[in-house]
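Student: Dropping the structure in here first, questions after.
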Amino acid sequence: PAADRCVTPDLLAPGNVLMLIGTTGTEFAGSHLDLVQGPPDDVGVGPAPDPDAAMHYRHLHAAMQAGLIVSCHDVSEGGLAVALAEMCLAGRLGASISELPHDDLVTALFSESAGRLIVEVEERSVPAFLRIMDDDVMHLGEVSESGLLSLPGVEPILVSDLADAFNTPATLFHASETEEETS
């Protein structure tokens, strides 16, 4: 049945390969990065539709039906770094990322380019997955049991610290409101 092929976003096994489907551009207008850092002087561009998304989704669906994908998560609000953190949290496993999809670190980690997905594939299934995807994916790294999210150019982050941050009420966006109320 189709339910047997249901794929969730939680990382499942150390040693599995993490790959990115889709293209990463410098697209930040209206992004969560702008929300956190404040709007920049140059607003830039918002995420444009990916003209290859439908083809990528058809290929991904075929890979899922073939049982080649063990987990999958969209890259959306917050970008690649947030999507990877969510996958680590869901599976309580680490990820060791060796390649990023853009030369600019901020773009690589936080761009909200549309139509992107991170997939986890067992190492033995990678060749079949690449054939189905027409080699149109990027190798990011692998799932680890280290308990760390390790990204190039960034200090490794404990998955337990990610969980604490996720479970702690955000005060960042309410600080200015509180200051105004007490003035």
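Ordering of the structure tokens sets the chain letters (A, B, ...); residue numbers start at 1 within each chain; ligands are numbered from 1 in the order shown.
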If we count only C-alpha atoms and set the cut-off at 9 Å, which residues sit around region 92-106 of chain A, ignoring sequence neighbours fewer than 6 positions away in its own chain? Please answer as JSON, numbers by chain.
Tutor: {"A": [10, 11, 12, 13, 14, 18, 20, 23, 24, 25, 26, 84, 85, 138, 139, 140, 141, 142, 143, 144, 145, 146, 147, 148, 149, 150, 151, 152, 153, 158, 159, 160]}
Student: Export N, CA and C atoms of the chosen residues as a CSV table (one decimal), in the first residue's frame?
Tutor:
```csv
chain,number,residue,atom,x,y,z
A,10,ASP,N,12.4,13.0,9.7
A,10,ASP,CA,13.4,12.7,10.8
A,10,ASP,C,14.5,11.8,10.2
A,11,LEU,N,15.8,12.2,10.5
A,11,LEU,CA,16.9,11.5,10.1
A,11,LEU,C,16.8,10.1,10.8
A,12,LEU,N,17.2,9.1,10.0
A,12,LEU,CA,17.0,7.7,10.4
A,12,LEU,C,18.2,6.9,10.8
A,13,ALA,N,19.4,7.1,10.1
A,13,ALA,CA,20.5,6.2,10.4
A,13,ALA,C,21.8,6.9,10.1
A,14,PRO,N,22.8,6.8,11.0
A,14,PRO,CA,24.1,7.3,10.7
A,14,PRO,C,24.7,6.6,9.5
A,18,LEU,N,23.1,12.6,2.7
A,18,LEU,CA,22.1,13.7,2.6
A,18,LEU,C,22.4,14.5,1.3
A,20,LEU,N,20.7,17.4,-1.7
A,20,LEU,CA,19.9,18.6,-1.9
A,20,LEU,C,19.3,18.5,-3.4
A,23,THR,N,17.9,24.3,-6.8
A,23,THR,CA,18.9,25.4,-6.9
A,23,THR,C,18.8,26.4,-5.9
A,24,THR,N,20.0,26.8,-5.4
A,24,THR,CA,20.0,27.9,-4.3
A,24,THR,C,20.5,29.2,-4.9
A,25,GLY,N,19.7,30.2,-4.8
A,25,GLY,CA,20.1,31.6,-5.3
A,25,GLY,C,20.1,32.6,-4.1
A,26,THR,N,20.5,33.8,-4.4
A,26,THR,CA,20.6,34.8,-3.4
A,26,THR,C,19.2,35.5,-3.4
A,84,LEU,N,18.0,21.5,8.0
A,84,LEU,CA,18.8,20.5,8.5
A,84,LEU,C,18.7,20.4,10.0
A,85,ALA,N,18.6,21.5,10.7
A,85,ALA,CA,18.4,21.5,12.1
A,85,ALA,C,17.1,20.7,12.5
A,138,MET,N,22.7,17.6,-5.4
A,138,MET,CA,24.0,18.0,-4.8
A,138,MET,C,24.2,17.1,-3.5
A,139,HIS,N,25.3,16.5,-3.4
A,139,HIS,CA,25.7,15.8,-2.2
A,139,HIS,C,26.0,16.8,-1.1
A,140,LEU,N,25.4,16.8,0.0
A,140,LEU,CA,25.6,17.7,1.1
A,140,LEU,C,26.5,17.1,2.2
A,141,GLY,N,26.3,15.8,2.5
A,141,GLY,CA,27.1,15.2,3.6
A,141,GLY,C,26.4,13.9,4.0
A,142,GLU,N,26.5,13.7,5.4
A,142,GLU,CA,25.9,12.4,5.8
A,142,GLU,C,25.3,12.6,7.2
A,143,VAL,N,24.4,11.7,7.6
A,143,VAL,CA,23.8,11.6,8.9
A,143,VAL,C,24.9,11.0,9.8
A,144,SER,N,25.0,11.6,11.0
A,144,SER,CA,26.0,11.1,12.0
A,144,SER,C,25.4,10.8,13.3
A,145,GLU,N,26.1,10.0,14.1
A,145,GLU,CA,25.6,9.8,15.5
A,145,GLU,C,26.3,10.7,16.5
A,146,SER,N,27.0,11.7,16.0
A,146,SER,CA,27.8,12.6,16.8
A,146,SER,C,27.0,13.5,17.8
A,147,GLY,N,25.7,13.7,17.4
A,147,GLY,CA,24.9,14.6,18.2
A,147,GLY,C,25.2,16.1,17.9
A,148,LEU,N,25.8,16.3,16.7
A,148,LEU,CA,26.2,17.6,16.3
A,148,LEU,C,25.6,17.9,14.9
A,149,LEU,N,25.3,19.1,14.7
A,149,LEU,CA,25.0,19.6,13.3
A,149,LEU,C,26.3,20.4,12.9
A,150,SER,N,27.0,19.8,12.0
A,150,SER,CA,28.3,20.4,11.6
A,150,SER,C,28.2,20.9,10.2
A,151,LEU,N,28.4,22.2,10.0
A,151,LEU,CA,28.3,22.9,8.7
A,151,LEU,C,29.6,23.6,8.4
A,152,PRO,N,30.1,23.6,7.2
A,152,PRO,CA,31.3,24.3,6.8
A,152,PRO,C,31.2,25.8,7.2
A,153,GLY,N,32.2,26.3,7.8
A,153,GLY,CA,32.3,27.8,8.2
A,153,GLY,C,31.5,28.1,9.4
A,158,LEU,N,25.4,21.5,19.0
A,158,LEU,CA,24.8,20.3,19.6
A,158,LEU,C,23.3,20.2,19.3
A,159,VAL,N,22.9,19.0,18.9
A,159,VAL,CA,21.5,18.8,18.6
A,159,VAL,C,20.7,19.1,19.9
A,160,SER,N,21.2,18.8,21.1
A,160,SER,CA,20.5,19.1,22.3
A,160,SER,C,20.3,20.6,22.5
```
Student: Which residues, written as a ChimeraX atom specification, have at least one atom at most 10 Å from Pro47 (chain A), with only C-alpha atoms counted and residues fewer than 5 positions away on the same chain left out?
Tutor: /A:24-31,76,111-115
Student: Name the residues of chain A that fall into strand (DSSP E) according to DSSP on the backbone, using the chain letters and numbers of this document, as a VMD selection string.
Tutor: chain A and resid 17 to 21 71 to 75 94 to 97 116 to 121 137 to 144 148 to 150 157 to 158
Student: As an NGL selection string, please: the residues near Asp74 (chain A) (cut-off 7 Å, only C-alpha atoms, same-chain neighbours under 6 positions excluded).
Tutor: :A and (83 or 116-118)
Student: Just the selected residues (N, CA and C atoms), exported as a PDB file, in the first residue's frame, please.
Tutor:
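New file selection-v9.pdb:
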```
ATOM      1  N   ALA A  83      16.302  23.797   7.900  1.00  0.00           N
ATOM      2  CA  ALA A  83      15.774  22.496   7.482  1.00  0.00           C
ATOM      3  C   ALA A  83      16.636  21.356   8.027  1.00  0.00           C
ATOM      4  N   ARG A 116      13.208  23.492  -3.177  1.00  0.00           N
ATOM      5  CA  ARG A 116      14.337  22.668  -2.727  1.00  0.00           C
ATOM      6  C   ARG A 116      13.903  21.672  -1.660  1.00  0.00           C
ATOM      7  N   LEU A 117      14.574  20.521  -1.671  1.00  0.00           N
ATOM      8  CA  LEU A 117      14.304  19.467  -0.693  1.00  0.00           C
ATOM      9  C   LEU A 117      15.616  18.803  -0.305  1.00  0.00           C
ATOM     10  N   ILE A 118      15.699  18.406   0.952  1.00  0.00           N
ATOM     11  CA  ILE A 118      16.824  17.605   1.429  1.00  0.00           C
ATOM     12  C   ILE A 118      16.317  16.177   1.543  1.00  0.00           C
TER      13      ILE A 118
END
```
Student: To one decimal in Å, tell me the separation between CA of Arg131 (chain A) and CA of Ser71 (chain A).
Tutor: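 A separation of 18.3 Å between them.
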Student: With only C-alpha atoms as the atoms that count, which of A:Leu33, A:Cys72, A:Ala48, A:Ile21 lies nearest to Val119 (chain A)?
Tutor: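 Among the listed residues, the smallest separation from Val119 (chain A) belongs to A:Cys72.
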Student: Any idea what's packed within 10 Å of region 56-68 of chain A, counting only C-alpha atoms, ignoring anything in its chain fewer than 5 positions away? Could you give it as a PyMOL selection string?
Tutor: chain A and resi 2+4-7+21-22+50-51+115-117+119-134+136-137
Student: How about saving the chosen residues, N, CA, C and O atoms kept, as a CSV table (one decimal), in the first residue's frame?
Tutor:
```csv
chain,number,residue,atom,x,y,z
A,2,ALA,N,0.3,2.4,-0.4
A,2,ALA,CA,1.0,3.7,-0.5
A,2,ALA,C,1.5,4.1,0.9
A,2,ALA,O,2.5,4.8,1.0
A,4,ASP,N,3.0,2.5,3.0
A,4,ASP,CA,4.3,1.9,3.2
A,4,ASP,C,5.4,2.7,2.7
A,4,ASP,O,6.6,2.6,3.1
A,5,ARG,N,5.1,3.6,1.8
A,5,ARG,CA,6.1,4.5,1.2
A,5,ARG,C,6.1,5.9,1.8
A,5,ARG,O,6.8,6.8,1.3
A,6,CYS,N,5.4,6.1,2.9
A,6,CYS,CA,5.4,7.4,3.5
A,6,CYS,C,6.8,7.8,4.0
A,6,CYS,O,7.4,7.0,4.7
A,7,VAL,N,7.2,9.0,3.7
A,7,VAL,CA,8.5,9.4,4.1
A,7,VAL,C,8.4,10.6,5.1
A,7,VAL,O,7.6,11.5,4.8
A,21,ILE,N,18.0,18.7,-3.5
A,21,ILE,CA,17.4,18.8,-4.8
A,21,ILE,C,17.0,20.2,-4.9
A,21,ILE,O,16.4,20.9,-4.0
A,22,GLY,N,17.3,20.8,-6.1
A,22,GLY,CA,16.9,22.2,-6.4
A,22,GLY,C,18.1,23.1,-6.4
A,22,GLY,O,19.2,22.7,-6.0
A,50,ASP,N,10.8,27.8,-9.2
A,50,ASP,CA,11.8,27.0,-9.8
A,50,ASP,C,11.2,26.3,-11.0
A,50,ASP,O,10.3,25.5,-10.9
A,51,PRO,N,11.7,26.7,-12.2
A,51,PRO,CA,11.0,26.1,-13.4
A,51,PRO,C,11.2,24.6,-13.5
A,51,PRO,O,10.5,23.9,-14.2
A,115,GLY,N,11.4,25.4,-4.1
A,115,GLY,CA,11.5,24.1,-4.8
A,115,GLY,C,12.6,23.2,-4.3
A,115,GLY,O,12.9,22.2,-5.0
A,116,ARG,N,13.2,23.5,-3.2
A,116,ARG,CA,14.3,22.7,-2.7
A,116,ARG,C,13.9,21.7,-1.7
A,116,ARG,O,13.0,21.9,-0.8
A,117,LEU,N,14.6,20.5,-1.7
A,117,LEU,CA,14.3,19.5,-0.7
A,117,LEU,C,15.6,18.8,-0.3
A,117,LEU,O,16.5,18.7,-1.1
A,119,VAL,N,17.1,15.2,1.0
A,119,VAL,CA,16.7,13.8,1.1
A,119,VAL,C,17.8,13.0,1.8
A,119,VAL,O,19.0,13.4,1.7
A,120,GLU,N,17.4,12.0,2.5
A,120,GLU,CA,18.3,11.1,3.2
A,120,GLU,C,18.2,9.8,2.4
A,120,GLU,O,17.1,9.3,2.2
A,121,VAL,N,19.3,9.2,1.9
A,121,VAL,CA,19.4,8.0,1.1
A,121,VAL,C,20.4,7.1,1.7
A,121,VAL,O,21.5,7.5,2.1
A,122,GLU,N,20.0,5.8,1.8
A,122,GLU,CA,21.0,4.8,2.3
A,122,GLU,C,22.2,4.8,1.2
A,122,GLU,O,21.9,4.9,0.0
A,123,GLU,N,23.4,4.7,1.7
A,123,GLU,CA,24.6,4.7,0.8
A,123,GLU,C,24.4,3.7,-0.3
A,123,GLU,O,24.7,4.1,-1.5
A,124,ARG,N,23.9,2.5,-0.1
A,124,ARG,CA,23.8,1.5,-1.1
A,124,ARG,C,22.8,1.9,-2.2
A,124,ARG,O,22.8,1.4,-3.3
A,125,SER,N,21.9,2.9,-1.9
A,125,SER,CA,20.8,3.3,-2.8
A,125,SER,C,21.2,4.5,-3.6
A,125,SER,O,20.4,4.9,-4.5
A,126,VAL,N,22.3,5.1,-3.3
A,126,VAL,CA,22.7,6.4,-4.0
A,126,VAL,C,22.8,6.2,-5.5
A,126,VAL,O,22.2,7.1,-6.2
A,127,PRO,N,23.5,5.2,-6.0
A,127,PRO,CA,23.5,5.1,-7.5
A,127,PRO,C,22.1,5.1,-8.2
A,127,PRO,O,21.9,5.7,-9.2
A,128,ALA,N,21.2,4.3,-7.6
A,128,ALA,CA,19.9,4.2,-8.2
A,128,ALA,C,19.1,5.5,-8.0
A,128,ALA,O,18.5,6.0,-9.0
A,129,PHE,N,19.3,6.2,-6.9
A,129,PHE,CA,18.7,7.5,-6.7
A,129,PHE,C,19.2,8.5,-7.7
A,129,PHE,O,18.4,9.2,-8.3
A,130,LEU,N,20.5,8.5,-7.9
A,130,LEU,CA,21.1,9.5,-8.9
A,130,LEU,C,20.6,9.2,-10.3
A,130,LEU,O,20.4,10.1,-11.1
A,131,ARG,N,20.4,7.9,-10.7
A,131,ARG,CA,19.9,7.6,-12.0
A,131,ARG,C,18.5,8.2,-12.1
A,131,ARG,O,18.1,8.8,-13.1
A,132,ILE,N,17.6,8.0,-11.1
A,132,ILE,CA,16.2,8.5,-11.2
A,132,ILE,C,16.2,10.0,-11.3
A,132,ILE,O,15.4,10.6,-12.0
A,133,MET,N,17.1,10.6,-10.5
A,133,MET,CA,17.2,12.1,-10.5
A,133,MET,C,18.0,12.7,-11.6
A,133,MET,O,18.2,13.9,-11.7
A,134,ASP,N,18.4,11.9,-12.6
A,134,ASP,CA,19.3,12.3,-13.7
A,134,ASP,C,20.5,13.1,-13.2
A,134,ASP,O,20.9,14.1,-13.8
A,136,ASP,N,20.8,15.2,-11.0
A,136,ASP,CA,20.5,16.6,-10.8
A,136,ASP,C,20.3,16.9,-9.3
A,136,ASP,O,19.2,17.4,-8.9
A,137,VAL,N,21.2,16.5,-8.5
A,137,VAL,CA,21.2,16.7,-7.1
A,137,VAL,C,22.6,17.1,-6.6
A,137,VAL,O,23.6,16.9,-7.3
```
Student: As an exercise, work out the distance from CA of Gly15 (chain A) to CA of Cys88 (chain A) in Å and give it to one decimal place.
Tutor: 13.6 Å
Student: Can I get the residues of region 3-115 of chain A within 12 Å of region 166-170 of chain A, each with the closest pair of atoms and their distance in Å to one decimal, using only C-alpha atoms, sorted chain first then ascending number, as JSON lines?
Tutor:
```
{"residue": "A:Val36", "atom": "CA", "partner": "A:Ala170", "partner_atom": "CA", "distance": 11.4}
{"residue": "A:Val82", "atom": "CA", "partner": "A:Phe166", "partner_atom": "CA", "distance": 10.8}
{"residue": "A:Ala85", "atom": "CA", "partner": "A:Phe166", "partner_atom": "CA", "distance": 9.8}
{"residue": "A:Glu86", "atom": "CA", "partner": "A:Phe166", "partner_atom": "CA", "distance": 9.2}
{"residue": "A:Cys88", "atom": "CA", "partner": "A:Phe166", "partner_atom": "CA", "distance": 11.9}
{"residue": "A:Leu89", "atom": "CA", "partner": "A:Phe166", "partner_atom": "CA", "distance": 9.0}
{"residue": "A:Ala90", "atom": "CA", "partner": "A:Phe166", "partner_atom": "CA", "distance": 11.4}
```
Student: So, with only C-alpha atoms as the atoms that count, which of A:Gly78, A:His73, A:Met19, A:Asp52 lies closest to Leu35 (chain A)?
Tutor: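 Looking only at the distances to Leu35 (chain A), the closest residue turns out to be A:Gly78.
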Student: In Å, with one decimal, what is the gap from CA of Leu80 (chain A) to CA of Ala108 (chain A)?
Tutor: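 Rounded to one decimal, the two atoms are 7.0 Å apart.
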Student: Per DSSP on the backbone, what are the alpha helix (DSSP H) residues of chain A, as a VMD selection string?
Tutor: chain A and resid 32 to 37 53 to 65 79 to 91 105 to 110 126 to 132 159 to 167 175 to 182
Student: Calculated over only C-alpha atoms, which of the candidates A:Gly91, A:Phe110, A:Ala81, A:Asp135 has the smallest distance to Pro156 (chain A)?
Tutor: A:Ala81
